[in-house]
file target_37.txt (compact mmCIF, C-alpha atoms and all ligand atoms)
# COMPACT_ATOMS: atom_id res chain seq x y z
CA MET A 1 -18.43 -49.29 142.62
CA TYR A 2 -17.35 -48.32 146.14
CA ALA A 3 -15.63 -50.84 148.43
CA VAL A 4 -18.24 -53.01 150.10
CA LYS A 5 -18.08 -52.79 153.86
CA VAL A 6 -20.72 -54.52 155.94
CA ILE A 7 -21.02 -53.81 159.66
CA LYS A 8 -23.03 -56.24 161.81
CA PHE A 9 -24.76 -55.23 165.02
CA ASP A 10 -26.54 -57.32 167.64
CA PHE A 11 -30.21 -56.34 167.92
CA SER A 12 -30.93 -58.48 170.94
CA LYS A 13 -28.72 -56.55 173.37
CA GLU A 14 -31.08 -55.66 176.25
CA ARG A 15 -30.92 -52.10 177.47
CA GLU A 16 -32.90 -50.51 180.29
CA ASN A 17 -35.88 -48.15 179.90
CA MET A 18 -36.05 -48.70 176.19
CA CYS A 19 -39.26 -48.82 174.24
CA LYS A 20 -39.72 -52.01 172.23
CA THR A 21 -41.08 -51.72 168.73
CA SER A 22 -41.89 -54.03 165.82
CA VAL A 23 -39.77 -53.53 162.72
CA LEU A 24 -39.03 -55.04 159.33
CA SER A 25 -35.33 -55.75 159.06
CA ALA A 26 -32.94 -57.16 156.47
CA SER A 27 -30.16 -59.27 158.00
CA GLY A 28 -27.67 -58.65 155.19
CA ILE A 29 -27.24 -57.43 151.63
CA LYS A 30 -30.30 -58.40 149.55
CA ALA A 31 -31.72 -60.48 152.43
CA PRO A 32 -35.51 -60.76 152.54
CA PHE A 33 -37.29 -58.73 155.20
CA GLU A 34 -38.14 -60.33 158.54
CA LYS A 35 -40.45 -59.09 161.24
CA THR A 36 -38.63 -58.59 164.53
CA THR A 37 -38.44 -56.19 167.47
CA ILE A 38 -35.86 -53.59 168.43
CA GLU A 39 -35.53 -51.15 171.29
CA ARG A 40 -35.73 -47.41 170.75
CA ARG A 41 -33.74 -45.19 173.11
CA GLU A 42 -35.20 -43.76 176.29
CA LEU A 43 -36.60 -40.27 175.69
CA ARG A 44 -34.04 -37.54 176.16
CA PRO A 45 -35.36 -34.11 177.23
CA ASP A 46 -35.58 -32.92 173.59
CA ASP A 47 -36.89 -36.18 172.12
CA VAL A 48 -40.25 -37.01 170.58
CA LEU A 49 -41.65 -40.57 170.53
CA ILE A 50 -43.67 -41.10 167.37
CA ASP A 51 -46.22 -43.82 166.65
CA ILE A 52 -45.46 -44.38 162.99
CA LYS A 53 -48.53 -44.96 160.82
CA PHE A 54 -47.06 -45.04 157.30
CA SER A 55 -43.60 -45.35 155.79
CA GLY A 56 -42.82 -44.80 152.11
CA ILE A 57 -40.47 -47.00 150.09
CA CYS A 58 -37.79 -44.86 148.44
CA HIS A 59 -35.46 -46.26 145.79
CA SER A 60 -32.65 -45.24 148.18
CA ASP A 61 -33.93 -47.98 150.54
CA ILE A 62 -33.34 -50.49 147.75
CA HIS A 63 -29.86 -49.12 146.90
CA SER A 64 -29.05 -49.40 150.64
CA VAL A 65 -30.41 -52.92 151.30
CA HIS A 66 -28.77 -54.13 148.10
CA GLY A 67 -25.41 -52.73 149.21
CA GLU A 68 -25.11 -50.59 146.09
CA TRP A 69 -23.67 -47.62 147.96
CA GLY A 70 -20.80 -49.53 149.55
CA GLY A 71 -22.00 -52.14 152.02
CA GLY A 72 -24.19 -51.09 154.93
CA ILE A 73 -24.99 -51.56 158.59
CA PHE A 74 -26.96 -54.75 159.24
CA PRO A 75 -29.50 -55.74 160.37
CA MET A 76 -30.95 -52.79 158.47
CA VAL A 77 -34.37 -51.26 159.12
CA PRO A 78 -34.86 -48.86 156.19
CA GLY A 79 -37.41 -46.10 155.85
CA HIS A 80 -36.98 -42.33 155.74
CA GLU A 81 -40.45 -41.27 154.64
CA ILE A 82 -42.11 -41.42 158.02
CA ALA A 83 -45.57 -40.13 158.96
CA GLY A 84 -47.18 -40.66 162.35
CA VAL A 85 -48.54 -39.22 165.55
CA VAL A 86 -46.67 -37.94 168.60
CA ALA A 87 -47.04 -40.48 171.42
CA ALA A 88 -44.83 -38.86 174.10
CA VAL A 89 -42.48 -35.92 174.45
CA GLY A 90 -39.36 -35.31 176.53
CA SER A 91 -39.38 -32.78 179.36
CA GLU A 92 -37.88 -29.93 177.29
CA VAL A 93 -39.79 -30.39 174.04
CA THR A 94 -41.49 -27.14 173.03
CA LYS A 95 -42.51 -27.61 169.38
CA PHE A 96 -44.74 -30.69 169.64
CA ALA A 97 -47.48 -32.12 171.83
CA VAL A 98 -48.92 -35.62 172.18
CA GLY A 99 -51.44 -36.34 169.42
CA GLU A 100 -49.93 -34.05 166.77
CA ARG A 101 -49.44 -35.38 163.24
CA VAL A 102 -45.77 -35.32 162.37
CA GLY A 103 -43.16 -36.51 159.91
CA VAL A 104 -39.51 -37.51 159.88
CA GLY A 105 -37.38 -37.60 156.76
CA CYS A 106 -33.86 -38.68 155.89
CA PHE A 107 -32.00 -37.26 158.91
CA VAL A 108 -32.31 -37.52 162.68
CA ASP A 109 -29.39 -35.43 163.98
CA SER A 110 -26.69 -32.92 163.07
CA CYS A 111 -24.22 -30.80 165.03
CA GLY A 112 -26.56 -27.78 165.06
CA GLU A 113 -23.59 -25.40 165.18
CA CYS A 114 -21.74 -25.41 161.87
CA GLU A 115 -22.40 -22.82 159.16
CA TYR A 116 -24.68 -25.19 157.24
CA CYS A 117 -26.75 -26.23 160.27
CA LEU A 118 -27.14 -22.55 161.19
CA LYS A 119 -28.36 -21.85 157.63
CA GLY A 120 -30.96 -24.64 157.89
CA GLU A 121 -29.01 -26.93 155.57
CA GLU A 122 -28.45 -29.70 158.09
CA GLN A 123 -27.94 -32.21 155.28
CA TYR A 124 -24.51 -30.66 154.67
CA CYS A 125 -23.48 -30.56 158.37
CA THR A 126 -19.68 -30.50 158.62
CA LYS A 127 -19.71 -33.00 161.51
CA GLY A 128 -21.76 -35.31 159.31
CA VAL A 129 -25.55 -35.42 159.35
CA VAL A 130 -26.95 -38.58 160.98
CA GLN A 131 -29.12 -40.48 158.52
CA THR A 132 -32.38 -41.99 159.72
CA TYR A 133 -31.10 -45.51 159.07
CA ASN A 134 -27.95 -47.27 157.93
CA ALA A 135 -25.83 -44.84 159.95
CA LEU A 136 -24.25 -44.51 163.37
CA ASP A 137 -25.53 -41.74 165.64
CA TYR A 138 -23.13 -39.48 167.54
CA ASP A 139 -23.03 -42.07 170.38
CA GLY A 140 -21.99 -44.76 167.93
CA ASN A 141 -25.31 -46.61 167.94
CA PRO A 142 -26.84 -47.73 164.64
CA THR A 143 -29.93 -45.84 163.50
CA TYR A 144 -33.05 -47.74 162.44
CA GLY A 145 -35.65 -46.22 160.15
CA GLY A 146 -39.34 -46.10 159.50
CA TYR A 147 -40.27 -49.69 158.58
CA SER A 148 -41.20 -49.73 162.23
CA GLN A 149 -44.07 -48.89 164.55
CA LYS A 150 -42.24 -46.40 166.75
CA ILE A 151 -39.27 -44.08 166.48
CA VAL A 152 -37.57 -41.65 168.85
CA VAL A 153 -36.22 -38.46 167.24
CA THR A 154 -34.90 -35.19 168.59
CA GLU A 155 -37.59 -32.53 168.02
CA ARG A 156 -35.27 -30.51 165.76
CA PHE A 157 -35.71 -33.20 163.08
CA VAL A 158 -39.48 -33.56 163.36
CA VAL A 159 -41.86 -31.61 161.10
CA ARG A 160 -45.58 -30.94 161.30
CA ILE A 161 -47.91 -32.48 158.72
CA PRO A 162 -50.62 -30.03 157.59
CA ASP A 163 -54.20 -31.08 158.44
CA SER A 164 -55.27 -31.33 154.80
CA LEU A 165 -52.68 -34.04 154.02
CA GLU A 166 -53.58 -37.62 154.94
CA LEU A 167 -50.69 -39.39 156.68
CA ASP A 168 -50.28 -42.07 154.00
CA VAL A 169 -50.11 -39.46 151.26
CA ALA A 170 -47.82 -37.24 153.32
CA SER A 171 -45.16 -39.88 153.99
CA PRO A 172 -43.43 -39.84 150.55
CA LEU A 173 -43.13 -36.07 150.77
CA LEU A 174 -40.57 -36.49 153.58
CA CYS A 175 -37.97 -37.65 151.06
CA ALA A 176 -39.31 -37.68 147.49
CA GLY A 177 -41.07 -34.35 148.07
CA ILE A 178 -38.26 -32.37 149.64
CA THR A 179 -35.57 -33.88 147.37
CA THR A 180 -37.33 -32.48 144.32
CA TYR A 181 -38.76 -29.27 145.83
CA SER A 182 -35.38 -28.13 147.20
CA PRO A 183 -33.41 -28.05 143.91
CA LEU A 184 -36.29 -26.44 142.03
CA LYS A 185 -36.24 -23.62 144.60
CA HIS A 186 -32.44 -23.46 144.77
CA TRP A 187 -32.10 -23.07 140.99
CA ASN A 188 -34.91 -20.46 140.93
CA VAL A 189 -37.35 -22.42 138.82
CA GLY A 190 -40.36 -20.28 138.01
CA PRO A 191 -42.17 -18.44 135.21
CA GLY A 192 -40.10 -18.14 132.04
CA LYS A 193 -37.90 -21.13 132.89
CA LYS A 194 -37.89 -24.27 130.77
CA VAL A 195 -37.43 -27.31 132.99
CA ALA A 196 -37.14 -30.99 132.12
CA ILE A 197 -37.94 -33.70 134.63
CA LEU A 198 -36.04 -36.86 133.76
CA GLY A 199 -37.65 -40.09 135.03
CA VAL A 200 -41.20 -40.46 136.26
CA GLY A 201 -40.89 -42.47 139.45
CA GLY A 202 -41.49 -41.59 143.08
CA LEU A 203 -39.35 -38.46 142.89
CA GLY A 204 -40.10 -37.57 139.28
CA HIS A 205 -43.89 -37.52 139.56
CA LEU A 206 -43.64 -35.07 142.46
CA ALA A 207 -41.01 -32.97 140.66
CA ILE A 208 -43.46 -32.45 137.78
CA GLN A 209 -46.08 -31.16 140.23
CA TYR A 210 -43.68 -28.77 142.00
CA ALA A 211 -42.14 -27.40 138.79
CA HIS A 212 -45.64 -26.79 137.41
CA ALA A 213 -46.84 -25.13 140.64
CA LEU A 214 -43.76 -22.87 140.59
CA GLY A 215 -44.80 -21.64 137.16
CA ALA A 216 -42.15 -23.20 134.90
CA GLU A 217 -42.71 -24.74 131.48
CA VAL A 218 -42.36 -28.44 132.30
CA THR A 219 -41.21 -31.13 129.89
CA VAL A 220 -41.13 -34.75 130.97
CA LEU A 221 -38.51 -37.17 129.67
CA SER A 222 -39.37 -40.80 130.29
CA ARG A 223 -38.11 -43.99 128.66
CA SER A 224 -41.40 -44.78 126.93
CA MET A 225 -44.71 -43.09 126.17
CA ASP A 226 -46.47 -45.23 128.82
CA LYS A 227 -46.74 -42.53 131.48
CA LYS A 228 -47.74 -39.69 129.17
CA SER A 229 -51.35 -39.14 130.21
CA GLU A 230 -50.50 -39.34 133.91
CA ALA A 231 -47.54 -36.96 133.52
CA LEU A 232 -49.76 -34.43 131.74
CA GLY A 233 -52.21 -34.85 134.62
CA PHE A 234 -49.43 -33.98 137.09
CA GLY A 235 -48.94 -30.69 135.23
CA ALA A 236 -46.43 -31.43 132.45
CA ASP A 237 -46.70 -29.22 129.37
CA GLN A 238 -44.91 -31.66 127.09
CA TYR A 239 -43.82 -35.29 127.20
CA PHE A 240 -41.10 -37.09 125.21
CA ALA A 241 -39.72 -40.63 125.17
CA THR A 242 -35.95 -40.87 125.58
CA SER A 243 -35.96 -44.20 123.73
CA ASP A 244 -36.71 -42.21 120.56
CA PRO A 245 -33.52 -40.64 119.09
CA GLU A 246 -35.68 -37.91 117.50
CA THR A 247 -36.33 -36.57 121.02
CA PHE A 248 -32.71 -35.48 121.34
CA LYS A 249 -32.85 -33.65 118.00
CA ALA A 250 -36.16 -31.96 118.75
CA LEU A 251 -35.11 -30.73 122.19
CA ALA A 252 -31.45 -29.78 121.54
CA GLY A 253 -30.40 -26.66 123.48
CA ARG A 254 -33.87 -26.23 125.01
CA PHE A 255 -33.71 -26.35 128.82
CA ASP A 256 -32.51 -24.07 131.60
CA LEU A 257 -32.56 -26.98 134.00
CA ILE A 258 -32.85 -30.75 133.80
CA LEU A 259 -33.69 -32.48 137.08
CA ASN A 260 -32.44 -36.05 136.79
CA THR A 261 -34.38 -38.40 139.08
CA VAL A 262 -33.27 -41.62 137.37
CA SER A 263 -31.93 -44.39 139.63
CA ALA A 264 -29.60 -45.78 136.93
CA ASN A 265 -26.59 -44.51 134.95
CA LEU A 266 -27.28 -42.25 131.98
CA ASN A 267 -25.73 -41.13 128.73
CA VAL A 268 -24.86 -37.81 130.35
CA ASP A 269 -23.60 -36.17 127.13
CA ALA A 270 -26.94 -36.78 125.44
CA TYR A 271 -28.76 -34.94 128.25
CA LEU A 272 -26.21 -32.11 128.43
CA SER A 273 -26.93 -31.46 124.75
CA LEU A 274 -30.49 -30.57 125.70
CA LEU A 275 -29.34 -27.63 127.88
CA ARG A 276 -29.19 -24.00 126.82
CA VAL A 277 -26.02 -21.96 127.36
CA ASP A 278 -25.59 -21.74 131.17
CA GLY A 279 -28.06 -24.58 131.68
CA THR A 280 -27.64 -27.05 134.55
CA LEU A 281 -28.13 -30.78 134.83
CA VAL A 282 -29.02 -31.41 138.47
CA ASN A 283 -28.67 -34.97 139.68
CA VAL A 284 -30.74 -36.32 142.49
CA GLY A 285 -30.72 -39.88 141.13
CA ALA A 286 -27.96 -41.80 142.89
CA PRO A 287 -26.81 -44.95 141.06
CA GLY A 288 -23.98 -46.80 142.80
CA THR A 289 -21.67 -46.67 139.79
CA PRO A 290 -20.13 -43.50 138.30
CA ASP A 291 -21.44 -41.66 135.25
CA GLN A 292 -19.13 -40.40 132.52
CA TYR A 293 -19.26 -37.26 130.42
CA ASN A 294 -17.19 -35.47 127.81
CA ALA A 295 -15.80 -32.08 128.93
CA PHE A 296 -16.82 -30.61 125.56
CA SER A 297 -20.48 -31.20 126.45
CA LEU A 298 -20.00 -28.63 129.23
CA LEU A 299 -17.61 -26.12 127.77
CA MET A 300 -19.38 -25.68 124.44
CA GLY A 301 -22.34 -24.19 126.32
CA ARG A 302 -20.85 -23.09 129.70
CA ARG A 303 -23.09 -25.80 131.15
CA SER A 304 -22.97 -27.23 134.67
CA ILE A 305 -23.52 -30.60 136.26
CA ALA A 306 -24.72 -30.41 139.85
CA GLY A 307 -26.10 -32.62 142.58
CA THR A 308 -28.25 -32.04 145.64
CA LEU A 309 -29.08 -33.98 148.77
CA VAL A 310 -32.65 -33.99 150.12
CA GLY A 311 -33.23 -30.61 151.88
CA GLY A 312 -33.03 -28.96 155.30
CA ILE A 313 -35.61 -29.20 158.04
CA GLN A 314 -37.03 -25.70 157.69
CA GLU A 315 -37.34 -26.21 153.94
CA THR A 316 -39.03 -29.57 154.54
CA GLN A 317 -41.70 -27.80 156.59
CA GLU A 318 -42.02 -25.18 153.82
CA MET A 319 -42.41 -27.98 151.23
CA LEU A 320 -45.17 -29.67 153.28
CA ASP A 321 -47.04 -26.38 153.63
CA PHE A 322 -46.54 -25.62 149.91
CA SER A 323 -47.83 -29.11 149.01
CA ALA A 324 -50.95 -28.61 151.13
CA GLU A 325 -51.56 -25.14 149.69
CA HIS A 326 -51.17 -26.30 146.06
CA SER A 327 -52.88 -29.70 146.50
CA ILE A 328 -49.67 -31.50 145.55
CA ALA A 329 -49.65 -35.13 146.57
CA PRO A 330 -47.96 -38.34 145.54
CA GLN A 331 -49.97 -41.07 143.86
CA ILE A 332 -49.50 -44.00 146.22
CA GLU A 333 -50.16 -47.72 146.59
CA VAL A 334 -50.53 -48.70 150.24
CA ILE A 335 -49.15 -52.16 151.03
CA ARG A 336 -48.84 -54.52 154.00
CA ALA A 337 -45.54 -55.26 155.71
CA ASP A 338 -45.46 -58.75 154.19
CA GLN A 339 -45.53 -57.26 150.67
CA VAL A 340 -42.30 -55.24 150.95
CA ASP A 341 -40.00 -57.79 149.25
CA GLU A 342 -42.40 -57.97 146.32
CA ALA A 343 -42.66 -54.16 146.30
CA TYR A 344 -38.86 -53.87 145.96
CA ASP A 345 -38.99 -56.14 142.89
CA ARG A 346 -41.79 -54.07 141.46
CA VAL A 347 -39.92 -50.77 141.98
CA LEU A 348 -36.93 -52.28 140.17
CA ARG A 349 -39.24 -53.13 137.26
CA SER A 350 -40.72 -49.57 137.43
CA ASP A 351 -44.03 -51.31 138.14
CA VAL A 352 -45.34 -48.77 140.62
CA ARG A 353 -47.60 -45.78 140.16
CA TYR A 354 -45.77 -44.00 141.79
CA ARG A 355 -44.84 -44.74 145.39
CA PHE A 356 -45.37 -47.72 147.69
CA VAL A 357 -46.30 -46.81 151.23
CA ILE A 358 -46.23 -49.40 154.02
CA ASP A 359 -49.15 -49.45 156.47
CA VAL A 360 -47.00 -50.19 159.52
CA SER A 361 -50.00 -51.33 161.57
CA THR A 362 -49.60 -54.58 159.60
CA LEU A 363 -46.18 -55.20 161.17
P1 LIG B 1 -38.07 -44.82 141.30
O1 LIG B 1 -39.43 -44.60 141.86
O2 LIG B 1 -37.60 -46.20 141.05
O3 LIG B 1 -37.97 -43.95 139.95
C1 LIG B 1 -36.83 -43.94 139.15
C2 LIG B 1 -37.23 -43.70 137.71
O4 LIG B 1 -36.03 -43.73 136.94
C3 LIG B 1 -38.11 -44.78 137.12
O5 LIG B 1 -39.47 -44.56 137.35
C4 LIG B 1 -37.77 -44.66 135.64
O6 LIG B 1 -38.52 -43.59 135.06
C5 LIG B 1 -36.33 -44.25 135.64
N1 LIG B 1 -35.45 -45.41 135.42
C6 LIG B 1 -35.31 -46.51 136.19
N2 LIG B 1 -34.40 -47.35 135.67
C7 LIG B 1 -33.92 -46.75 134.57
C8 LIG B 1 -32.95 -47.10 133.60
N3 LIG B 1 -32.28 -48.26 133.69
N4 LIG B 1 -32.71 -46.23 132.61
C9 LIG B 1 -33.37 -45.08 132.53
N5 LIG B 1 -34.33 -44.69 133.40
C10 LIG B 1 -34.59 -45.52 134.41
O7 LIG B 1 -36.96 -44.15 142.25
P2 LIG B 1 -37.09 -42.89 143.24
O8 LIG B 1 -37.47 -43.37 144.58
O9 LIG B 1 -37.85 -41.83 142.56
O10 LIG B 1 -35.53 -42.48 143.35
C11 LIG B 1 -34.83 -42.07 142.19
C12 LIG B 1 -33.35 -41.94 142.49
O11 LIG B 1 -33.16 -40.81 143.37
C13 LIG B 1 -32.73 -43.13 143.23
O12 LIG B 1 -31.42 -43.34 142.71
C14 LIG B 1 -32.66 -42.65 144.68
O13 LIG B 1 -31.66 -43.29 145.43
C15 LIG B 1 -32.34 -41.20 144.45
N6 LIG B 1 -32.62 -40.32 145.59
C16 LIG B 1 -31.75 -39.32 145.82
C17 LIG B 1 -31.98 -38.41 146.82
C18 LIG B 1 -31.05 -37.26 147.02
O14 LIG B 1 -31.07 -36.65 148.08
N7 LIG B 1 -30.26 -36.90 146.04
C19 LIG B 1 -33.12 -38.56 147.63
C20 LIG B 1 -34.01 -39.58 147.34
C21 LIG B 1 -33.77 -40.46 146.32
P3 LIG B 1 -39.20 -43.73 133.59
O15 LIG B 1 -39.98 -45.02 133.61
O16 LIG B 1 -40.06 -42.54 133.53
O17 LIG B 1 -38.11 -43.73 132.58
ZN ZN B 2 -35.47 -41.31 149.89
call {"tool": "encode", "arguments": {"input": "target_37.txt", "output": "C-alpha cells", "more": "lines below"}}
Ligand code: NAP
Ligand code: ZN
result
Amino acid sequence: MYAVKVIKFDFSKERENMCKTSVLSASGIKAPFEKTTIERRELRPDDVLIDIKFSGICHSDIHSVHGEWGGGIFPMVPGHEIAGVVAAVGSEVTKFAVGERVGVGCFVDSCGECEYCLKGEEQYCTKGVVQTYNALDYDGNPTYGGYSQKIVVTERFVVRIPDSLELDVASPLLCAGITTYSPLKHWNVGPGKKVAILGVGGLGHLAIQYAHALGAEVTVLSRSMDKKSEALGFGADQYFATSDPETFKALAGRFDLILNTVSANLNVDAYLSLLRVDGTLVNVGAPGTPDQYNAFSLLMGRRSIAGTLVGGIQETQEMLDFSAEHSIAPQIEVIRADQVDEAYDRVLRSDVRYRFVIDVSTL
C-alpha cells in the first residue's frame, strides 16, 4: 500500500467570473456523496464549456474515493467518462462549436511539447498529465470531474462523439473504451492472434468487443460461468471460469496476449503460464496493493508483463469512430445521482451489467 496522503481544499472560496455548477462530492476517504456546488474557471481563449449529460462510473473512481491509491484530494468530485454538449467556447477555439456532442476522458491538460505529447501520447507527458479529477492543474488548483453538470476543458482534451452513439452509451467509452482499445492496437491484436480477456466488468466487456472486431480469437476468463452467454454475445469465441483449476491445464501456453482488466490482485504466475513463448500479460487493472510473480514464469517462455494507461487524445477519437463503425457499445445501467453510493457497493460486488452511468440532470 502507498503512503496515504489526504489534501483538503476549500470549495466555498468565491472567485470572480466563475460558472457555478452542481456536483456530487465526497468530503473524505469513503465518505458518502453529497450534492453541492462548485465554480468552474472562467473560459480561457482555448477553453470549451460543456453541459455534461452523462458520466460513467469507473472502478478507478472507487479506488480513488476509497483512498486505495494513496490518499487523495478532497472534497473529490470523481468522473472521467464524460459525455455532453458544448455550451460555450473561448475566443480562440477552432475545433468545436456550441451545440456539438463531445466527450472528455481521464485527462484535461498536458505540456503539449514533450516527445510523448507530440506523439499523441499525452498520458505519458513528462511534465505530468493533469487528470480530470483528484489532481492539481498546472496553476495548482484541484481538478473536479464529471459527476457534475458543467465542466471547462481546454479544447485539446475534448473529443467529438459520433452521431450514431447516444451520449449515455458513449460516456463509458471515454475511459473503459480507450483503456482497452489502446493496448489491443499497441500489441497488434488482429487475425491469427489468440487473446484472452481477463475479467468481464466495465473494461472487460468492451475489450471483448474490440478484440473480436480486430479479428483476434478471443477467450474470456471470468471467475464463474455466470457471464458466459453475455460474453459470447459480445464476440468471445470461448469462455472459461478461473475458479476451475482445469482451466489452467486446458489453456496452458495458449495466448499471445492476456489483457488483465481485474480490479484486484491476481495469482500472476498462474496467468503467465497461459502465455505462449514471447506472450505478454498486459495489466490495465490497477489494485492498490502490489502483485507478486516468480521470475521463472517469465524466463521459461521469454514472456513479458506490461501495463498501459488509458490512451492519447487522437487515439480516443479513433476509438470513438471505430466503435461507431463497428457498432461497439457498452451495456449500461443509467442511474440517478442519489443512487451513486449504492452503485459503488454494487460495483464492488460485481453486481453491474456492465457499467453504471449517472444521468447528471438528476443532480
Ligand atoms: P469493474 O467493472 O469492477 O470490473 C472488474 C472485474 O474484475 C469484475 O467484473 C470481475 O470480473 C473482476 N474481479 C473483481 N474482483 C475480483 C477479484 N477479487 N478477483 C478476481 N476478479 C475480480 O472495474 P472496471 O471499471 O472495469 O476497472 C477494472 C480495473 O481497471 C480497475 O482496477 C480500474 O481502476 C482499472 N483501470 C485502469 C485504467 C488504466 O488506464 N490502466 C483505466 C481504467 C480503469 P469477473 O466477474 O468476470 O471475474
Ligand atoms: Zn476510468
call {"tool": "axis_aligned_box", "arguments": {"input": "target_37.txt", "around": "stretch 321-332 of chain A", "padding_each_side": "5 Å", "output": "JSON"}}
result
{"center_x": -49.7, "center_y": -34.6, "center_z": 148.7, "size_x": 16.3, "size_y": 28.9, "size_z": 19.8}
call {"tool": "residues_near_ligand", "arguments": {"input": "target_37.txt", "ligand": "ligand LIG 1 (chain B)", "cutoff": "6 Å", "atoms": "all atoms listed in the file", "output": "VMD selection string"}}
result
chain A and resid 58 to 60 175 to 176 179 199 to 204 222 to 223 261 to 264 284 to 287 308 to 310 347 350
call {"tool": "residues_around", "arguments": {"input": "target_37.txt", "residues": "A:Lys194", "least_positions_apart": "6", "cutoff": "7 Å", "atoms": "all atoms listed in the file", "output": "list in words"}}
result
Ala216, Glu217, Val218, Phe255, Asp256 and Leu257 of chain A
call {"tool": "atom_distance", "arguments": {"input": "target_37.txt", "atom1": "atom CA of A:Glu122", "atom2": "atom CA of A:Tyr138"}}
result
14.6 Å
call {"tool": "atom_distance", "arguments": {"input": "target_37.txt", "atom1": "atom CA of A:Leu43", "atom2": "atom CA of A:Cys19"}}
result
9.1 Å
call {"tool": "atom_distance", "arguments": {"input": "target_37.txt", "atom1": "atom CA of A:Gly312", "atom2": "atom CA of A:Asp291"}}
result
26.4 Å
call {"tool": "residues_around", "arguments": {"input": "target_37.txt", "residues": "A:His326", "least_positions_apart": "2", "cutoff": "12 Å", "atoms": "only C-alpha atoms", "output": "list in words"}}
result
Ser164, Leu165, Gln209, Tyr210, Ala211, His212, Ala213, Leu214, Gly215, Phe234, Gly235, Met319, Leu320, Asp321, Phe322, Ser323, Ala324, Ile328 and Ala329 of chain A
call {"tool": "closest_residue", "arguments": {"input": "target_37.txt", "among": "A:Gly28, A:Gly70, A:Gly145, A:Gly105", "to": "ligand ZN 2 (chain B)", "atoms": "all atoms listed in the file"}}
result
A:Gly105
call {"tool": "closest_residue", "arguments": {"input": "target_37.txt", "among": "A:Lys185, A:His66, A:Lys150, A:Arg160", "to": "A:Val102", "atoms": "all atoms listed in the file"}}
result
A:Arg160
call {"tool": "residues_around", "arguments": {"input": "target_37.txt", "residues": "A:Lys127", "least_positions_apart": "4", "cutoff": "12 Å", "atoms": "only C-alpha atoms", "output": "JSON, numbers by chain"}}
result
{"A": [109, 110, 111, 112, 113, 114, 115, 116, 117, 122, 123, 137, 138]}
call {"tool": "residues_around", "arguments": {"input": "target_37.txt", "residues": "stretch 78-88 of chain A", "least_positions_apart": "4", "cutoff": "9 Å", "atoms": "all atoms listed in the file", "output": "NGL selection string"}}
result
:A and (24-26 or 43 or 47-58 or 61-62 or 64-65 or 96-107 or 131-134 or 144-148 or 150 or 161 or 167-176 or 357)
call {"tool": "closest_residue", "arguments": {"input": "target_37.txt", "among": "A:Gly288, A:Pro32, A:Gly67, A:Pro330", "to": "A:Glu230", "atoms": "all atoms listed in the file"}}
result
A:Pro330
call {"tool": "residues_around", "arguments": {"input": "target_37.txt", "residues": "A:Thr37", "least_positions_apart": "6", "cutoff": "6 Å", "atoms": "only C-alpha atoms", "output": "short mmCIF file (atom, residue, chain, number, x, y, z; two decimals) with C-alpha atoms, keeping the file's coordinate frame"}}
result
data_model
loop_
_atom_site.label_atom_id
_atom_site.label_comp_id
_atom_site.auth_asym_id
_atom_site.auth_seq_id
_atom_site.Cartn_x
_atom_site.Cartn_y
_atom_site.Cartn_z
CA THR A 21 -41.08 -51.72 168.73
CA SER A 22 -41.89 -54.03 165.82
CA VAL A 23 -39.77 -53.53 162.72
#
call {"tool": "closest_residue", "arguments": {"input": "target_37.txt", "among": "A:Ile29, A:Ile178, A:Ala196, A:Ile73", "to": "A:Gly279", "atoms": "only C-alpha atoms"}}
result
A:Ala196
call {"tool": "closest_residue", "arguments": {"input": "target_37.txt", "among": "A:Gly177, A:Pro290, A:Gly72, A:Gly140", "to": "ligand ZN 2 (chain B)", "atoms": "all atoms listed in the file"}}
result
A:Gly177
